[in-house]
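Data first, discussion second: the structure below is written as structure tokens.
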Amino acid sequence: MAYDTHTTLWTDREEAFFRSATFEVQRQKGPHCVSTVLAILTGQTPERFQGRVNTQNPVSWSEALAEYGMKLAYCPTDVRTLKNYLPELIALDDLFTLSYYTTRNPERILAEPDAKGWVTGSHIVLLHRDRILDSARGTVEDARTHPCNDYHTKRIFRVVPVNHPRGL
């Protein structure tokens with residue numbers, strides 16, 4: 001098999017789960033983007049998830065979504081900027097979480113952690129169809145022009161029904 005430099009983010013291009021769903025953006029208070037994204041997905045408050053999920057463990061996010069009929073499915077990515085993935089994600093026309101590093105310095109992303117284990121900050125937003133729901137900004141914006149496009153990818157997950165065969 002030849003070396004493959006590209007893979008699709010999702011193999012079934014016709015599959016859709018949350019196109020017709022509606023979500024209300026919530027403005028996060030403090031460094032709580034993960035719990036606020038989970039709150040937006042479920043219609044709950046961020047406090048419902050604080051202390052229940054580990055912000056660095058997407059498996060815990062997926063487990064928290066299960067009682068609401070959802071879970072997360074990994075999309076294969078690397079550290080390129082999100083603008084490299086957005087056209088394909090928008091074409092899939094569904095619901096995704098996009099996590100990205102908040103530094104513009106690629107060397108910082110690859111640096112060794114400091115004495116407390118800190119490397120660099122990150123943020124998570126929702127992509128629903130072609131709109132970004134951003135809890136830090138408290139806005140819903142066109143994905144093509146949202147500032148996340150210029151940041152390096154940390155993780156991308158598709159939100160799928162809890163009974164879907166793929167997922168965390």
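Ordering of the structure tokens sets the chain letters (A, B, ...); residue numbers start at 1 within each chain; ligands are numbered from 1 in the order shown.
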
Which range 57-97 of chain A residues have any atom within 8 Å of an atom of range 151-158 of chain A, and for each, what is the nearest pair of atoms with distance in Å to one decimal, counting only C-alpha atoms, rows sorted by chain and number, as a tab-separated table?
residue	atom	partner	partner_atom	distance
A:Leu72	CA	A:Arg158	CA	5.7
A:Ala73	CA	A:Arg158	CA	5.1
A:Tyr74	CA	A:Phe157	CA	4.7
A:Cys75	CA	A:Phe157	CA	5.4
A:Pro76	CA	A:Ile156	CA	7.6
A:Thr77	CA	A:Arg155	CA	7.0
A:Asp78	CA	A:Thr153	CA	6.6
A:Val79	CA	A:Thr153	CA	4.7
A:Arg80	CA	A:His152	CA	5.3
A:Thr81	CA	A:His152	CA	4.0
A:Leu82	CA	A:Thr153	CA	5.6
A:Leu95	CA	A:Arg158	CA	6.1
A:Phe96	CA	A:Arg158	CA	4.3
A:Thr97	CA	A:Phe157	CA	5.2

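Within the 10 Å cut-off around Leu133 in chain A, using only C-alpha atoms and omitting residues fewer than 3 positions from it on the same chain, the listed residues are Phe23, Glu24, Val25, Gln26, Arg27, Val37, Ile40, Thr97, Ile124, Val125, Leu126, Leu127, His128, Asp130, Ala136, Arg137, Gly138, Thr139, Val140, Glu141, Asp142, Ala143 and His146 of chain A.
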
Keeping only N, CA and C atoms, write those residues as a compact mmCIF listing (two decimals), in the first residue's frame.
# COMPACT_ATOMS: atom_id res chain seq x y z
N PHE A 23 -29.47 24.78 18.58
CA PHE A 23 -28.64 24.95 19.76
C PHE A 23 -28.56 26.43 20.08
N GLU A 24 -28.60 26.74 21.36
CA GLU A 24 -28.49 28.11 21.83
C GLU A 24 -27.09 28.31 22.42
N VAL A 25 -26.37 29.28 21.89
CA VAL A 25 -25.03 29.55 22.41
C VAL A 25 -25.15 30.06 23.85
N GLN A 26 -24.24 29.64 24.68
CA GLN A 26 -24.13 30.14 26.05
C GLN A 26 -22.75 30.78 26.19
N ARG A 27 -22.67 31.87 26.90
CA ARG A 27 -21.39 32.54 27.13
C ARG A 27 -20.73 31.90 28.33
N VAL A 37 -19.58 23.98 26.28
CA VAL A 37 -19.93 23.28 25.03
C VAL A 37 -20.88 22.11 25.32
N ILE A 40 -24.26 23.56 25.94
CA ILE A 40 -24.92 23.97 24.70
C ILE A 40 -25.51 22.75 23.99
N THR A 97 -17.38 19.01 17.31
CA THR A 97 -16.62 19.85 18.24
C THR A 97 -15.26 20.08 17.60
N ILE A 124 -12.41 25.10 22.76
CA ILE A 124 -13.31 24.21 22.01
C ILE A 124 -14.55 25.01 21.62
N VAL A 125 -14.98 24.79 20.38
CA VAL A 125 -16.21 25.40 19.87
C VAL A 125 -17.03 24.30 19.21
N LEU A 126 -18.28 24.63 18.92
CA LEU A 126 -19.14 23.73 18.16
C LEU A 126 -19.23 24.23 16.73
N LEU A 127 -19.21 23.29 15.79
CA LEU A 127 -19.53 23.59 14.40
C LEU A 127 -20.85 22.89 14.12
N HIS A 128 -21.89 23.68 13.88
CA HIS A 128 -23.18 23.11 13.47
C HIS A 128 -23.47 23.59 12.06
N ASP A 130 -22.73 25.10 9.06
CA ASP A 130 -21.67 26.03 8.64
C ASP A 130 -21.49 27.18 9.62
N ALA A 136 -16.73 31.39 24.26
CA ALA A 136 -15.85 32.46 24.74
C ALA A 136 -16.32 33.82 24.23
N ARG A 137 -16.80 33.84 23.00
CA ARG A 137 -17.27 35.08 22.39
C ARG A 137 -18.77 35.27 22.61
N GLY A 138 -19.47 34.18 22.94
CA GLY A 138 -20.92 34.24 23.11
C GLY A 138 -21.64 34.49 21.80
N THR A 139 -21.05 33.97 20.70
CA THR A 139 -21.58 34.27 19.37
C THR A 139 -21.83 33.02 18.54
N VAL A 140 -22.62 33.21 17.51
CA VAL A 140 -22.80 32.23 16.43
C VAL A 140 -22.31 32.93 15.18
N GLU A 141 -21.30 32.35 14.51
CA GLU A 141 -20.66 33.03 13.38
C GLU A 141 -20.46 32.08 12.21
N ASP A 142 -20.29 32.65 11.04
CA ASP A 142 -19.96 31.87 9.86
C ASP A 142 -18.62 31.17 10.08
N ALA A 143 -18.60 29.87 9.89
CA ALA A 143 -17.38 29.09 10.13
C ALA A 143 -16.24 29.52 9.21
N HIS A 146 -14.64 32.65 10.99
CA HIS A 146 -14.35 32.63 12.43
C HIS A 146 -12.83 32.57 12.65

- [ ] Just list the residues in range 99-146 of chain A DSSP gives helix (DSSP H, G or I) on the backbone, as an NGL selection string.
- [x] :A and (106-109)

Grab the residues selected above and save them as a short mmCIF file (atom, residue, chain, number, x, y, z; two decimals), in the first residue's frame with C-alpha atoms.
data_model
loop_
_atom_site.label_atom_id
_atom_site.label_comp_id
_atom_site.auth_asym_id
_atom_site.auth_seq_id
_atom_site.Cartn_x
_atom_site.Cartn_y
_atom_site.Cartn_z
CA PRO A 106 3.76 26.42 16.62
CA GLU A 107 6.95 25.95 18.66
CA ARG A 108 4.95 26.55 21.85
CA ILE A 109 2.53 23.73 20.94
#

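Our summary of the geometry notes that CA of Pro46 in chain A is positioned 15.9 Å from CA of Pro58 in chain A.
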
Open item on the list: Among range 68-114 of chain A, which residues does DSSP mark as strand (DSSP E or B) when it is run on the backbone? Keep the chain and numbering as in the structure and answer as number ranges by chain.
Closed with: A: 70-74, 81, 95-101

TODO: Please indicate the distance in Å from CA of Phe49 in chain A to CA of Leu65 in chain A, rounded to one decimal place.
DONE: 9.7 Å

TODO: Enter the distance from CA of Thr120 in chain A to CA of Tyr101 in chain A, in Å, rounded to one decimal.
DONE: 7.0 Å

Task: Residues within 7 Å of Arg19 in chain A, only C-alpha atoms, excluding chain neighbours under 3 positions, as a PyMOL selection string - done: chain A and resi 16+93-94+129

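With only C-alpha atoms as the atoms that count, the residue of A:Met70, A:Leu98, A:Val53, A:Ala39 with the shortest distance to Ile132 in chain A is A:Leu98.
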